[in-house]
Amino acid sequence: MNKTAADPRERATQVVGFLRRHKNDRGAMANVRCALSETRKCRAWPLLGEIDGIGNVTIETVAGLYATHPEETDKGDLGSLCKALSGENNTFEGRFKRLLTCATREEVCSHLRPLVTAAKSKGHPVNYYNLIVDLLCWGDDVRVRWAQAFWGGEAA
């Protein structure tokens with residue numbers, strides 16, 4: 001039976017809960033990091049199978065990113081993370097613009113690893129819950145919200 005939750009928020013809760021439960025298992029996290037590599041992703045599948053994540057680019061990517069940088073927050077989204085990183089490195093505006101031009105979630109996922117690696121090196125936590133929801137709902141609404149977080153003023 002398919003264990004995938006239809007609602008993106010339920011799915012995000014399921015995936016993030018799973019990742020949190022395995023956070024301190026170094027072997028599991030090493031295998032989940034393999035989800036970011038086309039040639040080694042099958043090492044992550046025994047674990048990702050528990051959450052029906054095998055072959056799901058969103059789940060494989062976010063799980064691999066979490067295993068790389070498990071420091072998380074419940075604040076902000078990827079736009080606010082990129083804004084925080086851009087204050088320290090002026091190349092992030094260009095990276096962020098490229099991210100917003102992505103047409104598919106697969107394309108977005110292919111651009112996330114360097115951003116999360118930079119967040120790790122600068123000590124910025126990532127909101128993985130929102131990232132999963134945003135990727136599962138990828139489209140203009142998400143782009144606009146990320147752009148507002150990056151270039152906009154304070155939220156009302």
# chains A, B, ... in the order shown; residues from 1 in each chain; ligands from 1
call {"tool": "residues_around", "arguments": {"residues": "Gly27 in chain A", "least_positions_apart": "4", "cutoff": "12 Å", "atoms": "only C-alpha atoms", "output": "ChimeraX atom specification"}}
result
/A:22-23,31-34,43-44,47,67
call {"tool": "closest_atom_pairs", "arguments": {"of": "range 1-77 of chain A", "to": "range 129-143 of chain A", "cutoff": "12 Å", "atoms": "only C-alpha atoms", "output": "tab-separated table"}}
result
residue	atom	partner	partner_atom	distance
A:Ala5	CA	A:Leu136	CA	11.4
A:Ala6	CA	A:Leu136	CA	10.3
A:Asp7	CA	A:Val133	CA	9.0
A:Pro8	CA	A:Val133	CA	5.2
A:Arg9	CA	A:Val133	CA	5.9
A:Glu10	CA	A:Val133	CA	9.0
A:Arg11	CA	A:Val133	CA	7.9
A:Ala12	CA	A:Tyr129	CA	5.4
A:Thr13	CA	A:Tyr129	CA	6.8
A:Gln14	CA	A:Tyr129	CA	9.6
A:Val15	CA	A:Tyr129	CA	8.3
A:Val16	CA	A:Tyr129	CA	6.3
A:Gly17	CA	A:Tyr129	CA	9.4
A:Phe18	CA	A:Tyr129	CA	11.7
A:Leu19	CA	A:Tyr129	CA	10.7
A:Arg20	CA	A:Tyr129	CA	11.3
A:Asn56	CA	A:Leu136	CA	10.2
A:Val57	CA	A:Leu135	CA	9.6
A:Thr58	CA	A:Leu135	CA	6.5
A:Ile59	CA	A:Ile132	CA	7.4
A:Glu60	CA	A:Ile132	CA	10.5
A:Thr61	CA	A:Ile132	CA	9.4
A:Val62	CA	A:Ile132	CA	6.9
A:Ala63	CA	A:Ile132	CA	9.6
A:Leu65	CA	A:Leu131	CA	10.7
A:Tyr66	CA	A:Tyr129	CA	10.5
A:Pro70	CA	A:Tyr129	CA	12.0
A:Glu72	CA	A:Tyr129	CA	8.9
A:Thr73	CA	A:Tyr129	CA	8.8
A:Asp74	CA	A:Tyr129	CA	7.6
A:Lys75	CA	A:Asn130	CA	8.7
A:Gly76	CA	A:Asn130	CA	7.9
A:Asp77	CA	A:Asn130	CA	6.1
call {"tool": "select_by_dssp", "arguments": {"residues": "chain A", "states": "helix (DSSP H, G or I)", "output": "ChimeraX atom specification"}}
result
/A:8-22,26-36,41-43,45-51,57-68,78-86,92-100,105-122,128-136,140-151
call {"tool": "write_last_selection", "arguments": {"atoms": "C-alpha atoms", "output": "compact mmCIF listing (two decimals), in the first residue's frame"}}
result
# COMPACT_ATOMS: atom_id res chain seq x y z
CA PRO A 8 2.18 18.36 1.14
CA ARG A 9 2.15 19.43 4.80
CA GLU A 10 1.39 15.89 5.96
CA ARG A 11 4.12 14.59 3.67
CA ALA A 12 6.60 17.16 5.04
CA THR A 13 5.71 16.22 8.62
CA GLN A 14 6.24 12.54 7.80
CA VAL A 15 9.62 13.08 6.10
CA VAL A 16 11.04 15.55 8.61
CA GLY A 17 9.91 13.35 11.51
CA PHE A 18 11.67 10.39 9.91
CA LEU A 19 14.86 12.41 9.41
CA ARG A 20 14.81 13.70 12.99
CA ARG A 21 14.45 10.16 14.32
CA HIS A 22 17.58 9.11 12.40
CA ARG A 26 25.73 8.28 11.75
CA GLY A 27 25.51 5.21 9.53
CA ALA A 28 21.95 5.99 8.48
CA MET A 29 22.81 9.61 7.75
CA ALA A 30 25.85 8.54 5.70
CA ASN A 31 23.61 6.31 3.60
CA VAL A 32 20.92 8.99 3.23
CA ARG A 33 23.56 11.49 2.02
CA CYS A 34 24.12 9.10 -0.89
CA ALA A 35 20.68 10.12 -2.19
CA LEU A 36 22.41 13.21 -3.60
CA LYS A 41 21.56 6.84 -4.36
CA CYS A 42 20.57 3.18 -4.09
CA ARG A 43 22.40 3.11 -0.73
CA TRP A 45 16.78 3.52 -0.69
CA PRO A 46 16.46 1.00 2.17
CA LEU A 47 15.87 3.91 4.55
CA LEU A 48 13.89 6.09 2.16
CA GLY A 49 11.65 3.12 1.41
CA GLU A 50 10.26 3.49 4.93
CA ILE A 51 8.72 6.82 3.89
CA VAL A 57 13.32 13.60 -6.36
CA THR A 58 11.95 15.94 -3.68
CA ILE A 59 12.24 13.41 -0.86
CA GLU A 60 15.61 12.05 -2.02
CA THR A 61 17.05 15.55 -2.34
CA VAL A 62 15.75 16.96 0.92
CA ALA A 63 16.72 13.82 2.84
CA GLY A 64 20.23 13.97 1.40
CA LEU A 65 20.50 17.68 2.22
CA TYR A 66 19.26 17.08 5.77
CA ALA A 67 21.83 14.32 6.22
CA THR A 68 24.49 16.78 5.02
CA LEU A 78 14.63 29.23 1.00
CA GLY A 79 14.26 32.87 -0.04
CA SER A 80 15.10 34.10 3.45
CA LEU A 81 18.00 31.64 3.69
CA CYS A 82 19.42 32.90 0.40
CA LYS A 83 19.00 36.49 1.60
CA ALA A 84 20.99 35.69 4.75
CA LEU A 85 23.69 34.03 2.64
CA SER A 86 23.77 36.88 0.11
CA PHE A 92 24.01 34.44 -4.10
CA GLU A 93 21.72 36.87 -5.90
CA GLY A 94 22.69 35.28 -9.22
CA ARG A 95 22.25 31.79 -7.78
CA PHE A 96 18.89 32.78 -6.39
CA LYS A 97 17.74 34.22 -9.71
CA ARG A 98 18.71 30.96 -11.44
CA LEU A 99 16.73 29.05 -8.84
CA LEU A 100 13.63 31.12 -9.55
CA ARG A 105 10.99 20.66 -9.11
CA GLU A 106 13.66 18.33 -10.52
CA GLU A 107 15.52 21.36 -11.85
CA VAL A 108 15.16 23.21 -8.53
CA CYS A 109 16.45 20.17 -6.65
CA SER A 110 19.57 20.13 -8.82
CA HIS A 111 20.45 23.64 -7.58
CA LEU A 112 19.92 23.12 -3.85
CA ARG A 113 23.04 21.27 -2.76
CA PRO A 114 25.45 24.24 -3.07
CA LEU A 115 23.01 26.48 -1.19
CA VAL A 116 22.68 24.07 1.73
CA THR A 117 26.44 23.47 1.74
CA ALA A 118 26.94 27.24 2.00
CA ALA A 119 24.36 27.41 4.80
CA LYS A 120 26.26 24.70 6.65
CA SER A 121 29.60 26.46 6.25
CA LYS A 122 28.11 29.76 7.48
CA TYR A 128 13.40 21.60 5.78
CA TYR A 129 9.68 21.35 6.50
CA ASN A 130 8.94 24.44 4.38
CA LEU A 131 11.42 23.30 1.75
CA ILE A 132 9.55 20.02 1.24
CA VAL A 133 6.17 21.76 1.10
CA ASP A 134 7.50 24.37 -1.34
CA LEU A 135 9.06 21.77 -3.62
CA LEU A 136 5.93 19.63 -3.63
CA ASP A 140 4.60 30.70 -9.30
CA ASP A 141 3.19 31.04 -5.76
CA VAL A 142 6.37 29.57 -4.29
CA ARG A 143 8.59 31.69 -6.56
CA VAL A 144 6.76 34.87 -5.54
CA ARG A 145 7.00 34.03 -1.83
CA TRP A 146 10.73 33.26 -2.11
CA ALA A 147 11.34 36.46 -4.11
CA GLN A 148 9.45 38.50 -1.49
CA ALA A 149 11.57 36.96 1.27
CA PHE A 150 14.76 37.71 -0.68
CA TRP A 151 14.08 41.21 -2.07
